[in-house]
Every structure is written in C-alpha cells, then in structure tokens.
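Colleague: File query_31.txt below, compact mmCIF, C-alpha atoms and all ligand atoms:
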# COMPACT_ATOMS: atom_id res chain seq x y z
CA MET A 1 97.10 110.97 92.60
CA ASN A 2 96.01 107.32 92.40
CA ASP A 3 99.11 105.95 90.74
CA ARG A 4 100.59 102.80 92.20
CA PHE A 5 103.69 100.73 91.57
CA LEU A 6 103.78 97.02 90.85
CA VAL A 7 107.10 95.65 92.07
CA THR A 8 108.20 92.13 91.22
CA GLY A 9 110.73 90.77 93.68
CA GLY A 10 113.82 88.76 92.95
CA ALA A 11 116.05 90.96 90.78
CA ARG A 12 119.63 91.67 91.80
CA LEU A 13 120.27 95.40 91.21
CA GLN A 14 123.31 96.10 89.07
CA GLY A 15 124.65 99.11 87.22
CA ALA A 16 125.18 102.83 87.77
CA VAL A 17 122.88 105.74 88.66
CA LYS A 18 123.51 109.41 89.20
CA VAL A 19 121.55 111.38 91.78
CA SER A 20 120.33 114.94 91.21
CA GLY A 21 120.26 117.83 93.63
CA ALA A 22 118.94 117.39 97.16
CA LYS A 23 115.25 118.03 97.76
CA ASN A 24 116.02 119.25 101.28
CA SER A 25 118.49 121.76 99.88
CA VAL A 26 116.83 123.10 96.75
CA LEU A 27 113.64 124.18 98.54
CA LYS A 28 115.59 126.19 101.13
CA LEU A 29 117.83 127.72 98.46
CA MET A 30 114.75 128.76 96.48
CA ALA A 31 113.43 130.46 99.64
CA ALA A 32 116.82 132.13 100.24
CA ALA A 33 116.50 133.78 96.81
CA LEU A 34 113.82 135.97 98.46
CA LEU A 35 116.64 137.75 100.30
CA ALA A 36 117.99 139.58 97.23
CA GLU A 37 116.26 141.67 94.59
CA GLY A 38 117.05 140.35 91.09
CA THR A 39 117.51 136.97 89.43
CA THR A 40 119.10 134.05 91.28
CA THR A 41 119.94 130.92 89.29
CA LEU A 42 120.12 127.44 90.83
CA SER A 43 121.55 124.48 88.93
CA ASN A 44 121.44 120.70 89.56
CA CYS A 45 117.82 121.03 90.73
CA PRO A 46 115.88 117.76 91.00
CA GLU A 47 112.76 117.31 88.88
CA ILE A 48 110.41 116.45 91.74
CA LEU A 49 106.92 117.66 92.62
CA ASP A 50 108.06 119.79 95.56
CA VAL A 51 109.96 122.16 93.25
CA PRO A 52 106.86 123.37 91.31
CA LEU A 53 105.04 123.55 94.67
CA MET A 54 107.77 125.89 95.97
CA GLN A 55 107.54 127.83 92.69
CA HIS A 56 103.85 128.40 93.49
CA VAL A 57 104.69 129.63 97.01
CA LEU A 58 107.31 132.09 95.69
CA GLU A 59 105.04 133.35 92.91
CA GLY A 60 102.39 134.06 95.53
CA LEU A 61 104.94 136.29 97.28
CA GLY A 62 105.56 138.29 94.07
CA CYS A 63 108.52 136.46 92.50
CA SER A 64 108.63 135.11 88.99
CA VAL A 65 110.05 131.61 88.77
CA GLU A 66 111.22 129.79 85.67
CA LEU A 67 111.78 126.01 85.77
CA ASP A 68 114.05 124.92 82.95
CA GLY A 69 115.02 121.27 83.49
CA GLU A 70 117.69 121.21 86.19
CA ILE A 71 117.92 125.02 86.20
CA VAL A 72 115.61 127.17 88.32
CA ARG A 73 115.62 130.97 87.91
CA ILE A 74 113.95 133.08 90.56
CA THR A 75 113.42 136.78 90.03
CA THR A 76 112.68 138.56 93.29
CA PRO A 77 111.05 142.01 93.22
CA ALA A 78 112.03 145.02 95.35
CA GLU A 79 108.75 144.73 97.27
CA LEU A 80 107.62 141.27 98.37
CA LYS A 81 104.20 140.31 99.69
CA PRO A 82 104.62 139.02 103.25
CA ASN A 83 101.74 136.49 103.15
CA ALA A 84 102.31 132.89 102.08
CA ASP A 85 98.74 131.73 101.75
CA PHE A 86 97.27 128.46 102.89
CA ASP A 87 96.62 127.12 99.39
CA ALA A 88 100.26 127.45 98.48
CA VAL A 89 101.87 126.07 101.62
CA ARG A 90 99.42 123.43 102.83
CA GLN A 91 100.72 120.78 100.45
CA PHE A 92 104.23 120.55 101.81
CA ARG A 93 105.86 121.43 105.04
CA ALA A 94 109.17 122.69 103.69
CA SER A 95 107.39 125.90 102.64
CA VAL A 96 107.83 127.09 106.23
CA CYS A 97 111.40 128.02 105.21
CA VAL A 98 110.10 131.29 103.70
CA LEU A 99 109.51 132.54 107.27
CA GLY A 100 113.11 133.70 107.90
CA PRO A 101 113.67 135.41 104.53
CA LEU A 102 110.27 137.18 104.63
CA THR A 103 110.85 138.48 108.17
CA ALA A 104 114.26 139.79 107.06
CA ARG A 105 113.00 141.42 103.86
CA CYS A 106 109.51 142.67 104.83
CA GLY A 107 109.66 143.00 108.63
CA ARG A 108 106.56 140.82 108.60
CA ALA A 109 105.78 137.26 107.59
CA VAL A 110 102.53 135.34 107.65
CA VAL A 111 103.00 131.69 106.73
CA ALA A 112 100.06 129.31 106.93
CA LEU A 113 100.76 126.23 109.05
CA PRO A 114 100.73 123.06 107.05
CA GLY A 115 99.88 121.09 110.21
CA GLY A 116 101.29 117.75 111.34
CA ASP A 117 102.05 114.95 108.96
CA ALA A 118 102.51 111.22 108.94
CA ILE A 119 105.84 111.29 110.77
CA GLY A 120 104.91 113.36 113.84
CA SER A 121 103.44 116.62 115.09
CA ARG A 122 106.40 118.82 114.01
CA PRO A 123 105.94 122.02 116.07
CA LEU A 124 107.62 125.37 115.22
CA ASP A 125 108.51 126.52 118.76
CA MET A 126 112.27 126.69 118.05
CA HIS A 127 111.71 128.65 114.83
CA GLN A 128 109.59 131.12 116.79
CA SER A 129 111.87 131.50 119.81
CA GLY A 130 114.88 131.97 117.52
CA LEU A 131 113.17 134.79 115.63
CA GLU A 132 112.07 136.31 118.95
CA LYS A 133 115.69 136.34 120.16
CA LEU A 134 116.46 138.36 117.00
CA GLY A 135 113.84 140.93 118.08
CA ALA A 136 110.73 139.72 116.28
CA THR A 137 107.39 139.07 117.90
CA THR A 138 105.73 135.86 116.78
CA SER A 139 102.36 134.22 117.25
CA ILE A 140 100.16 131.52 115.83
CA SER A 141 97.04 133.21 114.61
CA HIS A 142 94.20 131.92 112.41
CA GLY A 143 96.19 128.86 111.38
CA ALA A 144 99.30 130.79 110.41
CA VAL A 145 102.60 131.63 112.06
CA VAL A 146 103.07 135.39 112.14
CA ALA A 147 106.43 137.11 112.71
CA GLU A 148 106.86 140.88 112.95
CA ALA A 149 109.94 143.03 113.51
CA ASP A 150 110.72 146.71 113.02
CA GLU A 151 114.35 145.73 113.11
CA LEU A 152 116.20 142.43 113.56
CA ARG A 153 119.24 142.50 115.85
CA GLY A 154 122.00 139.93 116.24
CA ALA A 155 121.73 137.70 119.34
CA HIS A 156 123.16 134.63 121.02
CA ILE A 157 120.76 131.75 120.38
CA SER A 158 121.07 128.18 121.68
CA LEU A 159 118.72 125.63 120.20
CA ASP A 160 117.22 122.94 122.47
CA PHE A 161 117.72 120.43 119.64
CA PRO A 162 119.68 120.84 116.37
CA SER A 163 116.55 121.34 114.26
CA VAL A 164 117.23 121.63 110.55
CA GLY A 165 114.28 123.92 109.83
CA ALA A 166 114.85 126.20 112.84
CA THR A 167 118.56 126.55 111.97
CA GLU A 168 117.59 127.56 108.42
CA ASN A 169 114.98 130.12 109.42
CA ILE A 170 117.27 131.69 112.02
CA LEU A 171 120.14 131.84 109.52
CA THR A 172 118.07 133.46 106.79
CA ALA A 173 116.64 136.00 109.22
CA ALA A 174 120.01 136.81 110.82
CA VAL A 175 121.98 137.46 107.61
CA MET A 176 120.52 140.95 107.34
CA ALA A 177 120.12 141.66 111.07
CA LYS A 178 122.06 144.46 112.79
CA GLY A 179 125.14 143.02 114.48
CA THR A 180 126.37 139.49 115.07
CA THR A 181 124.33 136.35 115.75
CA VAL A 182 125.87 133.27 117.32
CA LEU A 183 123.77 130.14 116.85
CA ASP A 184 124.71 127.27 119.17
CA ASN A 185 123.59 123.66 118.84
CA ALA A 186 122.89 124.42 115.19
CA ALA A 187 122.04 121.58 112.80
CA ARG A 188 125.12 120.29 110.94
CA GLU A 189 123.40 118.68 107.96
CA PRO A 190 125.15 119.09 104.59
CA GLU A 191 122.06 120.97 103.35
CA ILE A 192 122.72 123.65 106.02
CA ALA A 193 126.31 124.00 104.77
CA ASP A 194 124.95 124.29 101.22
CA LEU A 195 122.59 127.09 102.30
CA CYS A 196 125.42 128.92 104.09
CA GLU A 197 127.60 128.67 101.00
CA MET A 198 124.86 130.19 98.87
CA LEU A 199 124.21 132.96 101.43
CA ASN A 200 127.93 133.83 101.45
CA SER A 201 127.94 133.97 97.66
CA MET A 202 125.07 136.50 97.98
CA GLY A 203 127.28 138.70 100.18
CA ALA A 204 126.38 137.33 103.62
CA LYS A 205 129.01 136.80 106.31
CA VAL A 206 128.39 133.35 107.74
CA GLU A 207 131.09 131.26 109.45
CA GLY A 208 131.08 127.81 111.00
CA ALA A 209 128.68 126.15 108.53
CA GLY A 210 128.61 122.40 109.11
CA THR A 211 129.59 122.83 112.78
CA SER A 212 127.42 123.25 115.88
CA THR A 213 128.22 126.95 116.22
CA ILE A 214 127.38 129.23 113.33
CA THR A 215 128.33 132.90 113.48
CA ILE A 216 126.46 135.37 111.29
CA GLU A 217 127.59 138.94 110.94
CA GLY A 218 124.62 140.88 109.60
CA VAL A 219 124.99 142.84 106.35
CA GLU A 220 122.71 145.54 104.98
CA LYS A 221 121.93 144.01 101.62
CA LEU A 222 122.40 140.78 99.67
CA HIS A 223 122.73 140.36 95.92
CA PRO A 224 121.46 137.56 93.64
CA THR A 225 123.77 134.68 92.81
CA GLU A 226 124.31 131.47 90.85
CA HIS A 227 124.58 128.31 92.90
CA GLN A 228 124.75 124.56 92.31
CA VAL A 229 122.64 122.38 94.60
CA ILE A 230 124.48 119.53 96.39
CA GLY A 231 123.58 115.93 95.54
CA ASP A 232 120.74 114.19 97.38
CA ARG A 233 122.28 111.98 100.07
CA ILE A 234 118.95 110.36 100.92
CA VAL A 235 118.28 109.31 97.32
CA ALA A 236 121.90 108.07 97.10
CA GLY A 237 121.43 106.17 100.37
CA THR A 238 118.22 104.62 99.04
CA TRP A 239 120.12 103.15 96.04
CA ALA A 240 122.93 101.97 98.35
CA TYR A 241 120.49 100.08 100.58
CA ALA A 242 118.58 98.73 97.56
CA ALA A 243 121.89 97.31 96.26
CA ALA A 244 122.74 95.72 99.61
CA MET A 245 119.25 94.24 100.11
CA THR A 246 119.17 92.59 96.69
CA GLY A 247 122.72 91.19 96.72
CA GLY A 248 123.55 93.74 94.04
CA ASP A 249 126.40 95.81 92.68
CA VAL A 250 125.50 99.48 92.22
CA THR A 251 127.62 102.57 91.60
CA VAL A 252 126.05 105.88 92.61
CA GLY A 253 127.36 109.19 91.26
CA GLY A 254 126.61 112.85 91.96
CA ILE A 255 127.09 112.59 95.72
CA ALA A 256 129.90 113.39 98.17
CA PRO A 257 130.31 110.08 100.06
CA ARG A 258 131.20 111.94 103.29
CA HIS A 259 127.55 113.11 103.36
CA LEU A 260 126.56 109.47 103.78
CA HIS A 261 129.49 108.24 105.84
CA LEU A 262 127.69 106.41 108.65
CA ALA A 263 125.04 104.87 106.38
CA LEU A 264 127.81 103.40 104.19
CA GLU A 265 129.82 102.25 107.23
CA LYS A 266 126.74 100.31 108.41
CA LEU A 267 126.58 98.54 105.05
CA LYS A 268 130.22 97.50 105.47
CA VAL A 269 129.39 96.01 108.87
CA ALA A 270 126.49 94.17 107.19
CA GLY A 271 129.02 92.53 104.87
CA ALA A 272 128.97 94.78 101.80
CA ASP A 273 132.05 95.93 99.98
CA VAL A 274 131.88 99.75 99.75
CA GLU A 275 134.28 101.78 97.63
CA THR A 276 134.15 105.56 97.72
CA TYR A 277 135.22 108.06 95.05
CA ALA A 278 135.44 111.85 94.96
CA ASN A 279 131.86 112.16 93.76
CA GLY A 280 130.24 108.79 94.34
CA PHE A 281 130.53 105.26 95.69
CA ARG A 282 130.00 101.60 94.78
CA VAL A 283 128.18 99.04 96.96
CA ARG A 284 128.61 95.31 96.24
CA ILE A 285 127.47 92.26 98.14
CA ASP A 286 126.97 88.70 96.97
CA ARG A 287 125.31 87.21 100.03
CA ARG A 288 122.54 87.89 102.52
CA PRO A 289 123.45 90.94 104.66
CA ASP A 290 124.20 90.49 108.37
CA ALA A 291 121.96 92.10 111.00
CA VAL A 292 123.13 95.55 112.19
CA ASP A 293 121.64 97.95 114.78
CA TYR A 294 120.76 101.51 113.76
CA GLN A 295 119.83 104.62 115.68
CA THR A 296 118.69 107.75 113.91
CA LEU A 297 120.24 111.02 115.04
CA PRO A 298 120.90 114.48 113.61
CA PHE A 299 123.85 114.60 111.17
CA PRO A 300 126.46 113.11 111.28
CA GLY A 301 124.30 110.38 112.88
CA PHE A 302 122.27 107.92 110.83
CA PRO A 303 119.61 109.94 108.96
CA THR A 304 115.99 109.48 110.05
CA ASP A 305 115.06 109.75 106.36
CA LEU A 306 116.89 106.45 105.75
CA GLN A 307 115.22 104.71 108.68
CA PRO A 308 112.72 102.85 106.40
CA MET A 309 115.69 101.55 104.39
CA ALA A 310 117.40 100.39 107.61
CA ILE A 311 114.20 98.55 108.56
CA GLY A 312 114.05 97.13 105.04
CA ILE A 313 117.55 95.67 105.14
CA ALA A 314 117.09 94.44 108.72
CA SER A 315 113.91 92.60 107.70
CA VAL A 316 115.92 90.35 105.36
CA ALA A 317 119.25 90.31 107.25
CA ASN A 318 120.79 87.30 108.92
CA GLY A 319 120.03 87.78 112.65
CA MET A 320 118.32 90.31 114.90
CA SER A 321 118.53 94.10 114.54
CA VAL A 322 117.29 96.88 116.80
CA ILE A 323 116.39 100.15 115.13
CA THR A 324 115.89 103.21 117.31
CA GLU A 325 114.16 106.38 116.11
CA ASN A 326 115.33 109.48 117.96
CA VAL A 327 114.18 112.30 115.66
CA PHE A 328 110.48 111.87 114.75
CA GLU A 329 107.89 110.42 117.12
CA SER A 330 105.54 108.64 114.68
CA ARG A 331 107.91 107.34 112.09
CA PHE A 332 107.23 103.69 112.89
CA ARG A 333 103.84 103.72 111.13
CA PHE A 334 105.84 102.28 108.27
CA VAL A 335 106.38 99.12 110.33
CA ASP A 336 102.66 98.25 110.05
CA GLU A 337 103.08 98.01 106.28
CA MET A 338 106.25 95.92 106.71
CA LEU A 339 104.25 93.51 108.92
CA ARG A 340 101.80 93.14 106.03
CA LEU A 341 104.78 92.07 103.92
CA GLY A 342 105.53 89.38 106.47
CA ALA A 343 108.42 91.08 108.30
CA ASN A 344 109.11 89.72 111.78
CA ALA A 345 109.07 93.07 113.59
CA SER A 346 107.85 94.36 116.94
CA VAL A 347 107.72 97.97 118.08
CA ASP A 348 108.54 98.96 121.64
CA GLY A 349 108.35 102.72 122.17
CA HIS A 350 110.90 104.26 119.86
CA HIS A 351 112.65 100.94 119.15
CA VAL A 352 111.75 98.28 116.63
CA VAL A 353 113.19 94.79 116.91
CA LEU A 354 113.49 92.81 113.68
CA HIS A 355 114.38 89.19 113.15
CA GLY A 356 115.53 88.97 109.56
CA MET A 357 114.02 86.41 107.22
CA LYS A 358 115.18 85.15 103.83
CA GLN A 359 112.30 86.69 101.88
CA LEU A 360 109.25 88.90 102.46
CA SER A 361 105.83 87.94 101.04
CA SER A 362 104.22 90.23 98.49
CA THR A 363 100.93 92.02 99.15
CA GLU A 364 99.32 95.49 98.83
CA VAL A 365 100.89 98.27 100.90
CA TRP A 366 100.35 102.01 101.31
CA SER A 367 102.99 104.79 101.36
CA SER A 368 102.51 107.30 104.18
CA ASP A 369 105.38 109.65 103.31
CA ILE A 370 108.20 110.03 100.79
CA ARG A 371 110.75 107.81 102.49
CA ALA A 372 108.30 105.19 103.74
CA GLY A 373 107.06 104.86 100.15
CA ALA A 374 110.58 104.30 98.82
CA GLY A 375 111.24 101.84 101.67
CA LEU A 376 108.17 99.80 100.68
CA VAL A 377 109.37 99.57 97.08
CA LEU A 378 112.74 98.28 98.34
CA ALA A 379 110.91 95.72 100.46
CA GLY A 380 108.95 94.69 97.36
CA LEU A 381 112.25 93.97 95.61
CA VAL A 382 113.01 91.26 98.19
CA ALA A 383 109.49 89.79 98.40
CA ASP A 384 108.21 86.78 96.49
CA GLY A 385 105.71 87.68 93.73
CA VAL A 386 104.27 91.13 92.96
CA THR A 387 103.90 93.82 95.62
CA THR A 388 101.50 96.70 94.95
CA VAL A 389 102.62 100.00 96.50
CA HIS A 390 99.78 102.54 96.70
CA ASP A 391 99.88 106.34 97.17
CA VAL A 392 103.13 106.70 95.24
CA HIS A 393 102.53 110.47 94.81
CA HIS A 394 104.51 110.68 98.07
CA ILE A 395 107.52 109.08 96.35
CA ASP A 396 107.19 111.49 93.39
CA ARG A 397 107.67 114.40 95.81
CA GLY A 398 111.23 113.36 96.56
CA TYR A 399 112.62 110.92 93.99
CA PRO A 400 113.15 112.11 90.40
CA ASN A 401 112.60 109.36 87.77
CA PHE A 402 112.25 106.75 90.50
CA VAL A 403 110.88 103.97 88.28
CA GLU A 404 113.31 104.71 85.43
CA HIS A 405 116.32 104.57 87.78
CA LEU A 406 115.22 101.29 89.33
CA ARG A 407 114.53 99.75 85.92
CA SER A 408 117.95 100.83 84.64
CA LEU A 409 119.41 98.82 87.54
CA GLY A 410 117.42 95.75 86.54
CA ALA A 411 114.43 96.00 88.90
CA GLU A 412 111.01 94.89 87.69
CA ILE A 413 108.71 97.79 88.51
CA GLN A 414 105.88 99.49 86.67
CA ARG A 415 103.62 102.47 87.34
CA VAL A 416 99.90 101.92 86.80
C1 LIG A 501 114.12 118.26 107.90
C2 LIG A 501 113.95 117.47 106.62
C3 LIG A 501 113.44 116.07 106.90
C4 LIG A 501 114.36 115.39 107.91
C5 LIG A 501 114.56 116.25 109.15
C6 LIG A 501 115.56 115.66 110.13
C7 LIG A 501 113.37 119.17 105.01
C8 LIG A 501 112.34 119.73 104.11
N1 LIG A 501 112.98 118.16 105.79
O1 LIG A 501 112.84 118.41 108.50
O2 LIG A 501 113.42 115.34 105.67
O3 LIG A 501 113.77 114.15 108.28
O4 LIG A 501 115.02 117.55 108.76
O5 LIG A 501 116.77 115.44 109.50
O6 LIG A 501 114.50 119.59 105.02
N2 LIG A 501 111.12 120.23 116.36
C9 LIG A 501 110.51 120.86 117.42
N3 LIG A 501 110.33 122.21 117.37
C10 LIG A 501 110.74 122.98 116.32
C11 LIG A 501 111.39 122.33 115.23
C12 LIG A 501 111.56 120.95 115.29
O7 LIG A 501 110.12 120.21 118.39
O8 LIG A 501 110.57 124.20 116.34
C13 LIG A 501 111.33 118.77 116.41
C14 LIG A 501 110.58 118.02 115.32
O9 LIG A 501 109.26 117.76 115.69
C15 LIG A 501 111.41 116.76 115.18
C16 LIG A 501 112.83 117.26 115.45
O10 LIG A 501 112.70 118.50 116.13
O11 LIG A 501 111.05 115.84 116.16
C17 LIG A 501 113.65 117.46 114.20
O12 LIG A 501 113.02 118.32 113.31
P1 LIG A 501 113.78 119.23 112.26
O13 LIG A 501 115.25 118.94 112.31
O14 LIG A 501 113.34 120.63 112.45
O15 LIG A 501 113.23 118.66 110.89
P2 LIG A 501 112.64 119.48 109.67
O16 LIG A 501 113.44 120.69 109.40
O17 LIG A 501 111.16 119.63 109.86
I'd like the structure from this file rewritten - as structure tokens, please.
Ligand code: UD1

Modeller:
Amino acid sequence: MNDRFLVTGGARLQGAVKVSGAKNSVLKLMAAALLAEGTTTLSNCPEILDVPLMQHVLEGLGCSVELDGEIVRITTPAELKPNADFDAVRQFRASVCVLGPLTARCGRAVVALPGGDAIGSRPLDMHQSGLEKLGATTSISHGAVVAEADELRGAHISLDFPSVGATENILTAAVMAKGTTVLDNAAREPEIADLCEMLNSMGAKVEGAGTSTITIEGVEKLHPTEHQVIGDRIVAGTWAYAAAMTGGDVTVGGIAPRHLHLALEKLKVAGADVETYANGFRVRIDRRPDAVDYQTLPFPGFPTDLQPMAIGIASVANGMSVITENVFESRFRFVDEMLRLGANASVDGHHVVLHGMKQLSSTEVWSSDIRAGAGLVLAGLVADGVTTVHDVHHIDRGYPNFVEHLRSLGAEIQRV
C-alpha cells in the first residue's frame, strides 16, 4: 500500500508498447457473466488489481472465478446470492455494475454503496430510476442500494445524462425483461459497445450499441460465452500523451485508434505526427508541443479519464491552454499536485488555465486516483531531477506493468 515511484525527468520516450484489455470493460463483462448459468470465458483481460477485487465480489455472490493470466473464467451457478456485501464492494466503485445482472437473475439485488471518491460524489439516481422504469422498486437502505422486482418489463427510458454506469445497469437488467426496452441518451463509449457485443453472443437481442439509442428486446434466458475484451483506450492515450510530452516516438498496439480519435487529433494540433494502423498508432514529435484547449465530454468527446494527461501536456506546452471538465465535479484536485511541481495553473470553476513552461520542477506528490496518479508520473518525466509519486496503489488498479512499460520506452522510473 505504501509503494511509491521515483521518476527521473529528461528521457525522451521511444519504442513500442502493447496495451491489454480495458479496465472499464472487463469489470462490466465479468458482471455480465452473472446473467447466464455455466462458464463464461473472457480473454485479453488486464492484470490489474481491480480484476481480483471483482473476482471477490462475484465469489461472494456464489460464482467460482479462475484467473489464468489474461484469461478469466467465471462459473455462475443456477442460484445466485443477491447480496454484494460491503467488504467486497467498498474498495472499488465499478462493483456497482452487478446491480443490473442481479436484479435480472434474482429479482432482488442488494449492493453496498462504495460512497464518493476523489473525483466527485457520483450518485446512482439514474441507475435507480432506470431500474424503476423497468418495474423494479429501489431504495437506499443501510448503506446499500436495494432493487426488487417480481418481473422486469421493457420500457422507454431517457437518461438525463449519458452515464456509462447507468447505461450498463439498465442494459444488463433489460436483456431478460419481458418486451422491448428503448434507451435514449445512452452512453456511446466503446466499452458499452463491447458489453452489447458480449450480451448478443450470450443470446441477447441488443441493437444500436455505440449510438445514443439502444433497443433491447428481452429474451427468456442467456447462455455462457467466450469473449475478447477490447483494448484499453485510456492506457493507450496515456502512452500517446507521454510520447508527445517528452518529444518522443512511441508506437502503441492493441487498440482501435477510432476509440481515441479526438485525443489523437488534439496531439496533431499540438504539433505531433500521428499515424494510425488497424490495431494501433504511432505518435512522434521532435519539439515542444503547442498549447491546445481541451474539454472533457462523454464519448466521442475528449475522455475525462485523460484530463490529467491533457493538463500534463498543457503544463509544458508553448502558450496558454484552457482545460474544461464537464463530467466529474472534483477532478481538479490533481491541479494542486501539479502546482507543487511548479505548473503555472489557475482553476476557475470547472476550467483550468495553464501557461506552459519549458520544464516542471521535481518534488513529492500524491496520487488521488488512478488517472491522476498516471498523470503525475508523466509530469515527473518532464521535471528536472527526481519526482516522488506517493500512493501508487491507485495506479496499480488500472495500469498493468506500468513501470515495466515505461522503462521499456526509456523512462527512468523505479518502485520503492
Ligand atoms: C465510468 C468510468 C470512469 C469514467 C466515467 C466517464 C468505469 C468503472 N468507470 O464511470 O473511468 O471516468 O465512466 O467516462 O467504467 N451521474 C449521476 N447519477 C447517476 C450516474 C452518474 O449524477 O446515476 C453523474 C456522475 O456523478 C458523473 C457523470 O454522471 O458526474 C458521469 O458518470 P458516469 O458516466 O456514470 O461514470 P461511471 O460509470 O461512474
């Protein structure tokens, strides 16, 4: 828990890395395995801490889960336990994605609330109202969200905001509801499309994945499947921004570049040369990047999970950048750590204005979440001297072999 990274600035990142499966997909796909009795096999799974945490959640519900490198096998029993207890879910918020599958399979789900985290309060109102539209009753009781339904029925649901988590829970509840569900203003993230593809391979009838309107025709029963997890666009984007910040030349494989379209376009505007391939891309730049403005939005907008990397590049870019956060209220806590590294940044509501400087100055900084932690390491790569990044257990939750990958690209970083 007390591991930290020592990052020595100055190296130009060069070489090739391959990303593994997406954290934000694999956890939802593991939860979707609850929908069918039998053994579901997922491949291209990332070796990150959240996967064994999800294993623990599923085992608590009665599944047996085998982790075998990049393969995860989940065997779901005929009768599931509907209670995901506090011990299992408190450590990571993504565990709330068992709510939809449990309501569908058991007619009852009790999922302890993990509470807010470092990036905002993260309520569940849209998850609840979506399930209610499908005929469930829901409540928050004794620190858990409870959903109950004798029968789920298809409905027309319009989300106030294209929430990723709410879209997933509504989808996984609606696949076995009676009749047709139309979900408007659905999230369009590639991880949603990945989930829909897996659900269809289990026998579900889902159309419109990756668009704002998803139509789900309920079926009586689903069967287990084999499915390959899509590549992690946020990890891929992290390497792309690391390359651009350090004047590097990095090729990233294992990722569909269309999943990162806007983030790569922004790097082009900053002066980088970006080539895309069927399953990867190359980012090259041999000068200081130009300042570019960013605003985070649901997909296909600029991902909020890459906002720390946008702040990182803006802090060393030539000129002034404005970065606007539209998805999570408290995500600018990261800026306080960037100020400690000497960044010229000022926060005004949900905007941060940065005047880029040639180099940051090394010091001790603290990770507050997965992406902020990775962003601080990137900042350390463009600081003079040695930057100490504390609380790196956050980074371990989302980035497999983080140190090894960076070292293979020529970065000076060690875990102590
Ligand atoms: C997921 C990702 C996270 C990413 C985020 C946005 C996982 C495990 N996490 O989080 O990495 O940053 O999508 O791309 O996949 N909201 C409500 N009420 C609700 C649900 C959400 O107000 O019922 C708000 C949230 O507080 C937030 C916004 O909607 O401000 C977006 O949240 P959402 O898209 O649901 O993100 P997550 O699924 O939690």

Colleague: What is the distance between CA of Ala291 in chain A and CA of Leu267 in chain A, in Å to one decimal?

Modeller: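 Straight-line distance from CA of Ala291 in chain A to CA of Leu267 in chain A works out to 9.9 Å.
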
Colleague: Identify, counting all atoms listed in the file, the protein, DNA and RNA residues located within 9 Å of ligand LIG 501 (chain A), and give them as a ChimeraX atom specification.

Modeller: /A:23-25,27-28,92-97,119-130,160-168,187,189,191,234,297-299,303-306,326-329,370-371

Colleague: Quick check, in Å to one decimal: how far apart do CA of Thr211 in chain A and CA of His261 in chain A lie?

Modeller: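 CA of Thr211 in chain A sits 16.2 Å away from CA of His261 in chain A.
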
Colleague: Counting only C-alpha atoms, figure out which residue out of A:Ala278, A:Ala112, A:Met198, A:Leu134 gets nearest to Met30 in chain A.

Modeller: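 Smallest separation from Met30 in chain A among the options: A:Met198.
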
Colleague: Show me, as AutoDock Vina command-line options, the centre and edge lengths in Å to one decimal of the axis-aligned box that covers every listed atom of range 39-48 of chain A with 4 Å on each side.

Modeller:
--center_x 116.0 --center_y 126.7 --center_z 90.3 --size_x 19.1 --size_y 28.5 --size_z 10.9

Colleague: Per residue of range 8-55 of chain A within 9 Å of range 379-384 of chain A, what are the shortest atom pair and its distance in Å to one decimal, counting all atoms listed in the file, with rows by chain and residue number, as CSV?

Modeller:
residue,atom,partner,partner_atom,distance
A:Thr8,CA,A:Leu381,CA,6.2
A:Gly9,CA,A:Leu381,CA,4.0
A:Gly10,CA,A:Val382,CA,5.9
A:Ala11,CA,A:Leu381,CA,6.8
A:Arg12,CA,A:Leu381,CA,8.6

Colleague: Kindly give the distance, in Å, that separates CA of Ser408 in chain A and CA of Ile395 in chain A, rounded to a single decimal.

Modeller: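 Result for CA of Ser408 in chain A versus CA of Ile395 in chain A: 17.7 Å, one decimal.
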
Colleague: Counting all atoms listed in the file, which residue out of A:Ala343, A:Ala104, A:Ala147, A:Val229 sits closest to Pro46 in chain A?

Modeller: A:Val229

Colleague: Counting all atoms listed in the file, note down every residue that has an atom within 12 Å of the point (105.3, 126.2, 92.7) (file coordinates), as a PyMOL selection string.

Modeller: chain A and resi 27+30-31+48-61+63-67+72+74+84+87-89+91-92+95

Colleague: Rank A:Val352, A:Ile285, A:Ile255, A:Leu378 by their smallest atom-to-atom distance to Gly312 in chain A, using only C-alpha atoms, and report the top residue only.

Modeller: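 Of the candidates, the smallest distance to Gly312 in chain A is held by A:Leu378.
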
Colleague: List as a PyMOL selection string the protein and nucleic acid residues near Arg340 in chain A, meaning an atom at most 12 Å away when only C-alpha atoms are counted, but skip any in the same chain fewer than 5 places from it.

Modeller: chain A and resi 333-335+345+360-366+376+379-380+383+387-389

Colleague: Within 9 Å of Ala243 in chain A, counting all atoms listed in the file, which residues show up once you throw out same-chain ones fewer than 2 positions away? Write them as a short mmCIF file (atom, residue, chain, number, x, y, z; two decimals) with C-alpha atoms, keeping the file's coordinate frame, please.

Modeller:
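around06.cif written:
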data_model
loop_
_atom_site.label_atom_id
_atom_site.label_comp_id
_atom_site.auth_asym_id
_atom_site.auth_seq_id
_atom_site.Cartn_x
_atom_site.Cartn_y
_atom_site.Cartn_z
CA ARG A 12 119.63 91.67 91.80
CA LEU A 13 120.27 95.40 91.21
CA GLN A 14 123.31 96.10 89.07
CA THR A 238 118.22 104.62 99.04
CA TRP A 239 120.12 103.15 96.04
CA ALA A 240 122.93 101.97 98.35
CA TYR A 241 120.49 100.08 100.58
CA MET A 245 119.25 94.24 100.11
CA THR A 246 119.17 92.59 96.69
CA GLY A 247 122.72 91.19 96.72
CA GLY A 248 123.55 93.74 94.04
CA ASP A 249 126.40 95.81 92.68
CA VAL A 250 125.50 99.48 92.22
CA VAL A 283 128.18 99.04 96.96
CA ARG A 284 128.61 95.31 96.24
CA ILE A 285 127.47 92.26 98.14
#

Colleague: At a cut-off of 6 Å, using all atoms listed in the file, what residues contact Thr324 in chain A? Leave out same-chain residues fewer than 2 positions from it and give the result as a list in words.

Modeller: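 Counting all atoms listed in the file, the residues come to Gln295, His350 and His351 of chain A.
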
Colleague: Measuring between only C-alpha atoms, which one of A:Ala242, A:Ile323, A:Val347, A:Ala272 shows the shortest distance to Gly375 in chain A?

Modeller: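 Smallest separation from Gly375 in chain A among the options: A:Ala242.
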
Colleague: Applying 8 Å and all atoms listed in the file, which residues near range 153-157 of chain A remain after dropping the ones on its own chain fewer than 5 positions away? List them as a PyMOL selection string.

Modeller: chain A and resi 130+133-135+174+177-184+217-218

Colleague: Restricting the calculation to all atoms listed in the file, which member of A:Ala32, A:Arg331, A:Pro400, A:Ala270 is positioned closest to Glu70 in chain A?

Modeller: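 Ranking A:Ala32, A:Arg331, A:Pro400, A:Ala270 by distance to Glu70 in chain A, first place goes to A:Pro400.
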
Colleague: If you count all atoms listed in the file, which residues fall within 8 Å of Arg73 in chain A, apart from same-chain ones fewer than 2 positions away, as number ranges by chain?

Modeller: A: 39-42, 65-68, 71, 75

Colleague: Please determine the residues with any atom at most 8 Å from (110.2, 145.8, 113.1) (coordinates as given in the file, with all atoms listed in the file counting) and report them as a ChimeraX atom specification.

Modeller: /A:107-108,135-136,148-152

Colleague: Between A:Gly280, A:Pro114, A:Gly21, A:Gly356, which has the minimum distance to Gln228 in chain A (counting all atoms listed in the file)?

Modeller: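 Answer, going by the shortest atom-to-atom distance: A:Gly21.
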